[in-house]
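> Just passing along the structure, written as structure tokens.
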Amino acid sequence: MDRLEAAAQAQSVALDDDQFAQAMDAADPLGHLRAEFEIPTVGQVTGNTGEHADSLCTYLCGNSLGLLPKRSRRILNEEMDEWATKGVVGHHHHSKGRSWISYRKLIVEKMAPMFGAAPIEVGVMNTLTVNIHLMLAAFYKPTATRNRILIESKAFPSDHYAVESQIQWHNQPADALLLAEPRAGELTLRTSDILDLIERRGDEIAVVMLSGLQYYTGQVFDMEKITAAAQAKGCIVGWDLAHAAGNVPLKLHDWNVDFACWCTYKYMNSGPGGISGFFVHERYAQDAELTRLTGWWAHDEKTRFEMSNRFVPNRGAAGFEISNTPILTAATLLGSLEVFEQTSMEDLQEKSVLLTTYLEYLLNKYAGQHIRIITPSDSRGAQLSLLFATDKFDAVFKDLMSAGVICDERKPNCIRIAPVPLYNTFSDVKRCVDIIKAALIR
């Protein structure tokens, strides 16, 4: 609130006035980045043909799928043209200087700084759950006394299934899956409780693999503290960063994280089903003895084409990349990364804090008696998760979507709203709350 009040004072407007949103948008140092994205109209997302059909929608769903960067369309079309005019020659000779054989290097050099990582620690391949399996294949080595994998009790189902199946694959008992549970009556996990669980059970835990940002509640976990505590007990630590990637600043190298995986279609805007990224700490860069699932592309690039069938891994994360980079999905990610290069994760977070604080302020002011904000104010990214009374939930969500305010729902009564600092505005936030307010008093 202090930041919002200071911002209102600086703009000489009232905090809860429409003029505040307009003044903040006018003064936004990142406001020009909105023009980098294709924003659908109300008519396009709703099918409505009324008087507002041609107005831009209010897109608050980057936590599920980010908007299309205009650069991604251009680069994808260029790669299609390259394929059409060069065929296989495009692997080595590219009219734009982006030879396909070196595409992964181009991607990881732009992506690594967003994760506080060196390029050697970052790879790009597959999709998220596949990469989770590949990382667990390398790092989950259960023994008679240390066989558990710790995840949060309400992890995204794909994480739960992947971990559960890895435990089964290794012929471990079902109770090798250890769940971190919130306290009774609470929905978020306290850091102190996670640390206490690791302290008590750490000698049994092979891998700690929590979400960096919890998909349902929007809570950001204290990755630095949890990583240090788990490693002090001898655990391997991996993070699913699906909702943290492109959303909050990360320092994976400095935090000494063993591995991490993320998708790129949410806050990183690579498009539906976009390619996934992963991190393996540099201390494993030359560990040729680390057993992993391998493929041709993971072989040392200097001798890869000798076709010797004697596997020598690439150094670093590249030694885990089983297959060559899929160019068409990497192209859309490249377009988004070029947008991220125009700012920093710290500057994006500064705007994100203002957007979510403004959203929280307006919700409490105009709808506080009807909703419960379950996302912690001191540990969150761009998403707020709102719980509604069951008799109000459907009507609110229907009115939002019908008005072209795009967000998502999680049954039975949760609506997730995510103002993304790359392309959302303070006016978007105000419009969203206006619709919620009107729906609640009908």
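Lettering and numbering for the structure tokens are positional, with chains as A, B, ... in the shown order, residues counted from 1 in each chain, and ligands counted from 1 in the shown order.
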List every residue of range 74-308 of chain A that DSSP, applied to the backbone, labels as strand (DSSP E), and write the result as a ChimeraX atom specification.

/A:122-125,148-152,177-180,205-211,236-240,259-262,276-280

> Residues near range 356-359 of chain A, anyone? I mean within 6 Å using only C-alpha atoms, not counting same-chain ones fewer than 3 positions away, as number ranges by chain.

A: 353, 362, 429

> What does the structure give for the distance between CA of Ala117 in chain A and CA of Arg148 in chain A, in Å to one decimal?

27.6 Å

> Within 10 Å of Asp159 in chain A, counting only C-alpha atoms, which residues show up once you throw out same-chain ones fewer than 4 positions away? Write them as a list of chain:residue names, please.

A:Leu128, A:Thr129, A:Ile132, A:His133, A:Ile151, A:Glu152, A:Lys154, A:Ala155, A:Val163, A:Glu164, A:Ser165, A:Met209, A:Leu210, A:Ser211, A:Asp240

> Kindly save the residues from that selection, with all heavy atoms included, as a CSV table (one decimal), in the first residue's frame.


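That gives us result-v8.csv:
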chain,number,residue,atom,x,y,z
A,128,LEU,N,7.3,-29.6,-20.6
A,128,LEU,CA,7.7,-29.6,-19.2
A,128,LEU,C,7.7,-31.0,-18.5
A,128,LEU,O,8.7,-31.4,-17.9
A,128,LEU,CB,6.7,-28.7,-18.4
A,128,LEU,CG,6.9,-28.6,-16.9
A,128,LEU,CD1,8.3,-28.3,-16.5
A,128,LEU,CD2,5.9,-27.6,-16.3
A,129,THR,N,6.6,-31.8,-18.6
A,129,THR,CA,6.6,-33.0,-17.9
A,129,THR,C,7.6,-34.0,-18.4
A,129,THR,O,8.2,-34.8,-17.6
A,129,THR,CB,5.1,-33.6,-17.9
A,129,THR,OG1,4.2,-32.6,-17.5
A,129,THR,CG2,5.0,-34.8,-17.0
A,132,ILE,N,10.7,-33.1,-16.7
A,132,ILE,CA,10.7,-33.5,-15.3
A,132,ILE,C,11.1,-35.0,-15.2
A,132,ILE,O,12.0,-35.4,-14.4
A,132,ILE,CB,9.4,-33.3,-14.7
A,132,ILE,CG1,9.1,-31.8,-14.4
A,132,ILE,CG2,9.2,-34.0,-13.4
A,132,ILE,CD1,7.8,-31.4,-13.9
A,133,HIS,N,10.6,-35.8,-16.1
A,133,HIS,CA,11.0,-37.2,-16.1
A,133,HIS,C,12.4,-37.4,-16.4
A,133,HIS,O,13.1,-38.2,-15.8
A,133,HIS,CB,10.1,-38.0,-17.2
A,133,HIS,CG,8.8,-38.4,-16.7
A,133,HIS,ND1,8.6,-39.3,-15.7
A,133,HIS,CD2,7.5,-38.1,-17.1
A,133,HIS,CE1,7.3,-39.5,-15.4
A,133,HIS,NE2,6.6,-38.8,-16.3
A,151,ILE,N,7.0,-33.4,-2.5
A,151,ILE,CA,6.3,-32.4,-3.3
A,151,ILE,C,5.2,-31.8,-2.4
A,151,ILE,O,4.9,-32.3,-1.4
A,151,ILE,CB,5.7,-32.9,-4.6
A,151,ILE,CG1,4.6,-34.0,-4.3
A,151,ILE,CG2,6.8,-33.5,-5.5
A,151,ILE,CD1,3.9,-34.5,-5.5
A,152,GLU,N,4.6,-30.7,-2.9
A,152,GLU,CA,3.5,-30.1,-2.1
A,152,GLU,C,2.2,-30.9,-2.4
A,152,GLU,O,2.1,-31.5,-3.4
A,152,GLU,CB,3.3,-28.6,-2.4
A,152,GLU,CG,2.7,-28.3,-3.8
A,152,GLU,CD,3.8,-27.9,-4.8
A,152,GLU,OE1,4.9,-28.5,-4.7
A,152,GLU,OE2,3.5,-27.1,-5.7
A,154,LYS,N,-0.8,-30.1,-3.0
A,154,LYS,CA,-1.7,-29.7,-4.1
A,154,LYS,C,-0.8,-29.3,-5.3
A,154,LYS,O,-1.0,-28.3,-5.9
A,154,LYS,CB,-2.6,-28.6,-3.6
A,154,LYS,CG,-3.8,-28.4,-4.5
A,154,LYS,CD,-4.8,-27.4,-4.0
A,154,LYS,CE,-6.0,-27.2,-4.9
A,154,LYS,NZ,-6.8,-28.4,-5.2
A,155,ALA,N,0.2,-30.1,-5.6
A,155,ALA,CA,1.1,-29.8,-6.7
A,155,ALA,C,0.2,-29.9,-8.0
A,155,ALA,O,-0.9,-30.6,-8.0
A,155,ALA,CB,2.2,-30.8,-6.8
A,163,VAL,N,6.0,-37.7,-10.6
A,163,VAL,CA,6.7,-38.2,-9.4
A,163,VAL,C,6.2,-39.5,-9.0
A,163,VAL,O,7.0,-40.5,-8.7
A,163,VAL,CB,6.6,-37.1,-8.3
A,163,VAL,CG1,7.2,-37.7,-7.0
A,163,VAL,CG2,7.4,-35.9,-8.7
A,164,GLU,N,4.9,-39.7,-9.0
A,164,GLU,CA,4.3,-41.0,-8.6
A,164,GLU,C,4.8,-42.1,-9.5
A,164,GLU,O,5.2,-43.2,-9.0
A,164,GLU,CB,2.8,-40.8,-8.6
A,164,GLU,CG,2.0,-41.9,-7.9
A,164,GLU,CD,0.6,-41.5,-7.8
A,164,GLU,OE1,0.0,-41.1,-8.8
A,164,GLU,OE2,0.0,-41.6,-6.7
A,165,SER,N,4.8,-41.8,-10.8
A,165,SER,CA,5.2,-42.9,-11.7
A,165,SER,C,6.7,-43.1,-11.7
A,165,SER,O,7.1,-44.3,-11.9
A,165,SER,CB,4.8,-42.5,-13.2
A,165,SER,OG,5.5,-41.3,-13.6
A,209,MET,N,11.2,-31.7,-4.7
A,209,MET,CA,10.8,-31.1,-5.9
A,209,MET,C,9.5,-30.4,-5.8
A,209,MET,O,8.4,-30.9,-6.1
A,209,MET,CB,10.8,-32.1,-7.1
A,209,MET,CG,10.8,-31.5,-8.5
A,209,MET,SD,10.4,-32.6,-9.8
A,209,MET,CE,8.6,-32.4,-9.7
A,210,LEU,N,9.6,-29.1,-5.3
A,210,LEU,CA,8.4,-28.3,-5.1
A,210,LEU,C,8.2,-27.4,-6.3
A,210,LEU,O,9.1,-27.3,-7.2
A,210,LEU,CB,8.5,-27.5,-3.8
A,210,LEU,CG,8.7,-28.2,-2.5
A,210,LEU,CD1,9.1,-27.3,-1.4
A,210,LEU,CD2,7.5,-29.0,-2.2
A,211,SER,N,7.1,-26.7,-6.4
A,211,SER,CA,6.9,-25.7,-7.4
A,211,SER,C,7.5,-24.3,-6.9
A,211,SER,O,7.4,-24.0,-5.7
A,211,SER,CB,5.4,-25.4,-7.6
A,211,SER,OG,4.7,-26.6,-7.9
A,240,ASP,N,10.0,-27.1,-10.1
A,240,ASP,CA,9.2,-26.9,-11.2
A,240,ASP,C,8.9,-25.4,-11.3
A,240,ASP,O,8.2,-24.8,-10.4
A,240,ASP,CB,7.9,-27.7,-11.1
A,240,ASP,CG,6.9,-27.4,-12.2
A,240,ASP,OD1,7.1,-26.5,-13.1
A,240,ASP,OD2,5.9,-28.1,-12.3

> When you count only C-alpha atoms, which of these residues is closest to Phe156 in chain A: A:Trp255, A:Tyr215, A:Tyr366, A:Trp297?

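Result for the nearest residue to Phe156 in chain A: A:Tyr215.
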
> Any idea what's packed within 9 Å of Lys70 in chain A, counting only C-alpha atoms, ignoring anything in its chain fewer than 6 positions away? Could you give it as number ranges by chain?

A: 35-38, 335-336

> Distance CA of Ser377 in chain A-CA of Ile435 in chain A, one decimal place?

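Computing the Euclidean distance for CA of Ser377 in chain A and CA of Ile435 in chain A yields 22.7 Å.
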
> Taking a cut-off of 9 Å and counting only C-alpha atoms, can you build a table that, for each residue of range 281-397 of chain A near range 408-414 of chain A, reports the nearest atom pair and how far apart they are in Å (one decimal), sorted by chain then residue number, as a tab-separated table?


residue	atom	partner	partner_atom	distance
A:Ser385	CA	A:Cys414	CA	6.5
A:Leu386	CA	A:Cys414	CA	5.4
A:Leu387	CA	A:Cys414	CA	4.6
A:Phe388	CA	A:Asn413	CA	5.5
A:Ala389	CA	A:Asn413	CA	6.9
A:Thr390	CA	A:Asn413	CA	5.9
A:Lys392	CA	A:Asn413	CA	8.7
A:Phe393	CA	A:Asn413	CA	5.7
A:Asp394	CA	A:Asn413	CA	8.0
A:Phe397	CA	A:Glu409	CA	7.5

> Please report the interatomic distance between CA of Ile373 in chain A and CA of Asn247 in chain A in Å with one decimal.

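Spanning CA of Ile373 in chain A to CA of Asn247 in chain A is a straight-line distance of 19.2 Å.
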
> Taking 6 positions as the minimum chain separation for residues in the same chain, which residues sit within 6 Å of Gln383 in chain A when counting only C-alpha atoms? Answer as a PyMOL selection string.

chain A and resi 218+417-418

> Put those residues in a file: N, CA, C and O atoms, as a PDB file, in the first residue's frame.


ATOM      1  N   GLY A 218      -0.858 -19.228  -6.038  1.00  0.00           N
ATOM      2  CA  GLY A 218      -0.017 -18.115  -6.459  1.00  0.00           C
ATOM      3  C   GLY A 218       1.128 -17.809  -5.514  1.00  0.00           C
ATOM      4  O   GLY A 218       1.839 -16.820  -5.691  1.00  0.00           O
ATOM      5  N   ILE A 417      -6.467 -14.371 -11.440  1.00  0.00           N
ATOM      6  CA  ILE A 417      -6.323 -13.139 -12.228  1.00  0.00           C
ATOM      7  C   ILE A 417      -4.851 -12.765 -12.220  1.00  0.00           C
ATOM      8  O   ILE A 417      -4.230 -12.657 -11.154  1.00  0.00           O
ATOM      9  N   ALA A 418      -4.282 -12.555 -13.406  1.00  0.00           N
ATOM     10  CA  ALA A 418      -2.838 -12.314 -13.501  1.00  0.00           C
ATOM     11  C   ALA A 418      -2.540 -11.123 -14.420  1.00  0.00           C
ATOM     12  O   ALA A 418      -2.425 -11.278 -15.633  1.00  0.00           O
TER      13      ALA A 418
END

> Please report, as JSON lines, each residue of range 119-156 of chain A lying at most 10 Å from range 281-284 of chain A, together with the nearest pair of atoms and the separation in Å rounded to one decimal; use only C-alpha atoms, and order rows by chain and ascending residue number.


{"residue": "A:Pro119", "atom": "CA", "partner": "A:Glu282", "partner_atom": "CA", "distance": 9.5}
{"residue": "A:Ile120", "atom": "CA", "partner": "A:Glu282", "partner_atom": "CA", "distance": 6.9}
{"residue": "A:Glu121", "atom": "CA", "partner": "A:His281", "partner_atom": "CA", "distance": 5.5}
{"residue": "A:Val122", "atom": "CA", "partner": "A:His281", "partner_atom": "CA", "distance": 8.5}

> Only N, CA, C and O atoms, please: the residues just picked out, written as an mmCIF file, in the first residue's frame.


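Result written to selection09.cif:
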data_model
loop_
_atom_site.group_PDB
_atom_site.id
_atom_site.type_symbol
_atom_site.label_atom_id
_atom_site.label_comp_id
_atom_site.auth_asym_id
_atom_site.auth_seq_id
_atom_site.Cartn_x
_atom_site.Cartn_y
_atom_site.Cartn_z
ATOM 1 N N PRO A 119 24.801 -19.660 -19.370
ATOM 2 C CA PRO A 119 24.283 -20.411 -20.532
ATOM 3 C C PRO A 119 24.597 -21.895 -20.492
ATOM 4 O O PRO A 119 23.781 -22.712 -20.940
ATOM 5 N N ILE A 120 25.737 -22.270 -19.933
ATOM 6 C CA ILE A 120 26.102 -23.687 -19.878
ATOM 7 C C ILE A 120 25.150 -24.486 -18.999
ATOM 8 O O ILE A 120 25.050 -25.713 -19.109
ATOM 9 N N GLU A 121 24.392 -23.794 -18.131
ATOM 10 C CA GLU A 121 23.498 -24.465 -17.189
ATOM 11 C C GLU A 121 22.073 -24.612 -17.719
ATOM 12 O O GLU A 121 21.236 -25.227 -17.063
ATOM 13 N N VAL A 122 21.782 -24.052 -18.884
ATOM 14 C CA VAL A 122 20.406 -23.996 -19.386
ATOM 15 C C VAL A 122 20.285 -24.762 -20.695
ATOM 16 O O VAL A 122 21.156 -24.672 -21.567
#

> Just the residues within 9 Å of Asn324 in chain A, please, counting only C-alpha atoms, with nothing from its chain fewer than 5 positions along; format it as a PyMOL selection string.

chain A and resi 101+104+125+296-298

> DSSP on the backbone: what in range 200-423 of chain A comes out alpha helix (DSSP H), as a ChimeraX atom specification?

/A:200-201,223-232,327-340,345-367,390-402

> So that I can check the surroundings of His94 in chain A, please list as number ranges by chain every protein, DNA and RNA residue that reaches within 12 Å of it, counting only C-alpha atoms and ignoring chain neighbours fewer than 2 positions away.

A: 78-92, 96-103

> Can you write out the residues you just picked, keeping N, CA and C atoms, as a PDB file, in the first residue's frame?


ATOM      1  N   GLU A  78       9.724 -16.250 -40.926  1.00  0.00           N
ATOM      2  CA  GLU A  78      11.055 -16.279 -41.535  1.00  0.00           C
ATOM      3  C   GLU A  78      11.612 -17.705 -41.582  1.00  0.00           C
ATOM      4  N   GLU A  79      11.373 -18.475 -40.514  1.00  0.00           N
ATOM      5  CA  GLU A  79      11.862 -19.853 -40.507  1.00  0.00           C
ATOM      6  C   GLU A  79      11.099 -20.715 -41.508  1.00  0.00           C
ATOM      7  N   MET A  80       9.815 -20.456 -41.661  1.00  0.00           N
ATOM      8  CA  MET A  80       9.046 -21.179 -42.670  1.00  0.00           C
ATOM      9  C   MET A  80       9.581 -20.855 -44.072  1.00  0.00           C
ATOM     10  N   ASP A  81       9.885 -19.576 -44.294  1.00  0.00           N
ATOM     11  CA  ASP A  81      10.449 -19.182 -45.593  1.00  0.00           C
ATOM     12  C   ASP A  81      11.820 -19.819 -45.804  1.00  0.00           C
ATOM     13  N   GLU A  82      12.600 -19.892 -44.733  1.00  0.00           N
ATOM     14  CA  GLU A  82      13.926 -20.490 -44.827  1.00  0.00           C
ATOM     15  C   GLU A  82      13.818 -21.973 -45.203  1.00  0.00           C
ATOM     16  N   TRP A  83      12.867 -22.637 -44.575  1.00  0.00           N
ATOM     17  CA  TRP A  83      12.623 -24.044 -44.888  1.00  0.00           C
ATOM     18  C   TRP A  83      12.220 -24.198 -46.354  1.00  0.00           C
ATOM     19  N   ALA A  84      11.337 -23.291 -46.804  1.00  0.00           N
ATOM     20  CA  ALA A  84      10.843 -23.367 -48.178  1.00  0.00           C
ATOM     21  C   ALA A  84      11.944 -23.129 -49.208  1.00  0.00           C
ATOM     22  N   THR A  85      12.887 -22.252 -48.886  1.00  0.00           N
ATOM     23  CA  THR A  85      13.887 -21.841 -49.882  1.00  0.00           C
ATOM     24  C   THR A  85      15.248 -22.496 -49.704  1.00  0.00           C
ATOM     25  N   LYS A  86      15.483 -23.108 -48.546  1.00  0.00           N
ATOM     26  CA  LYS A  86      16.790 -23.708 -48.296  1.00  0.00           C
ATOM     27  C   LYS A  86      16.724 -25.214 -48.053  1.00  0.00           C
ATOM     28  N   GLY A  87      15.591 -25.686 -47.546  1.00  0.00           N
ATOM     29  CA  GLY A  87      15.541 -27.083 -47.172  1.00  0.00           C
ATOM     30  C   GLY A  87      16.596 -27.406 -46.130  1.00  0.00           C
ATOM     31  N   VAL A  88      17.241 -28.545 -46.253  1.00  0.00           N
ATOM     32  CA  VAL A  88      18.208 -29.000 -45.267  1.00  0.00           C
ATOM     33  C   VAL A  88      19.406 -28.069 -45.142  1.00  0.00           C
ATOM     34  N   VAL A  89      19.671 -27.273 -46.154  1.00  0.00           N
ATOM     35  CA  VAL A  89      20.805 -26.350 -46.114  1.00  0.00           C
ATOM     36  C   VAL A  89      20.653 -25.339 -44.984  1.00  0.00           C
ATOM     37  N   GLY A  90      19.404 -25.074 -44.566  1.00  0.00           N
ATOM     38  CA  GLY A  90      19.159 -24.119 -43.491  1.00  0.00           C
ATOM     39  C   GLY A  90      19.779 -24.509 -42.166  1.00  0.00           C
ATOM     40  N   HIS A  91      20.141 -25.778 -42.013  1.00  0.00           N
ATOM     41  CA  HIS A  91      20.792 -26.190 -40.774  1.00  0.00           C
ATOM     42  C   HIS A  91      22.127 -25.476 -40.575  1.00  0.00           C
ATOM     43  N   HIS A  92      22.802 -25.178 -41.670  1.00  0.00           N
ATOM     44  CA  HIS A  92      24.142 -24.588 -41.563  1.00  0.00           C
ATOM     45  C   HIS A  92      24.254 -23.205 -42.205  1.00  0.00           C
ATOM     46  N   LYS A  96      19.248 -15.253 -42.266  1.00  0.00           N
ATOM     47  CA  LYS A  96      19.164 -14.306 -41.151  1.00  0.00           C
ATOM     48  C   LYS A  96      20.266 -14.542 -40.116  1.00  0.00           C
ATOM     49  N   GLY A  97      21.191 -15.455 -40.415  1.00  0.00           N
ATOM     50  CA  GLY A  97      22.278 -15.731 -39.476  1.00  0.00           C
ATOM     51  C   GLY A  97      21.893 -16.611 -38.308  1.00  0.00           C
ATOM     52  N   ARG A  98      20.728 -17.300 -38.404  1.00  0.00           N
ATOM     53  CA  ARG A  98      20.258 -18.165 -37.317  1.00  0.00           C
ATOM     54  C   ARG A  98      20.304 -19.620 -37.770  1.00  0.00           C
ATOM     55  N   SER A  99      21.479 -20.154 -38.022  1.00  0.00           N
ATOM     56  CA  SER A  99      21.563 -21.539 -38.489  1.00  0.00           C
ATOM     57  C   SER A  99      20.851 -22.451 -37.504  1.00  0.00           C
ATOM     58  N   TRP A 100      20.100 -23.386 -38.035  1.00  0.00           N
ATOM     59  CA  TRP A 100      19.273 -24.229 -37.164  1.00  0.00           C
ATOM     60  C   TRP A 100      20.120 -25.076 -36.227  1.00  0.00           C
ATOM     61  N   ILE A 101      21.293 -25.465 -36.661  1.00  0.00           N
ATOM     62  CA  ILE A 101      22.119 -26.324 -35.827  1.00  0.00           C
ATOM     63  C   ILE A 101      22.607 -25.604 -34.569  1.00  0.00           C
ATOM     64  N   SER A 102      22.643 -24.279 -34.603  1.00  0.00           N
ATOM     65  CA  SER A 102      23.102 -23.505 -33.441  1.00  0.00           C
ATOM     66  C   SER A 102      21.954 -22.760 -32.752  1.00  0.00           C
ATOM     67  N   TYR A 103      20.714 -23.116 -33.090  1.00  0.00           N
ATOM     68  CA  TYR A 103      19.554 -22.401 -32.560  1.00  0.00           C
ATOM     69  C   TYR A 103      19.473 -22.491 -31.041  1.00  0.00           C
TER      70      TYR A 103
END

> Of the candidates A:Ala144, A:Cys61, A:Met345, A:Val13, which shows the shortest atom-to-atom distance to Cys407 in chain A, using only C-alpha atoms?

A:Cys61
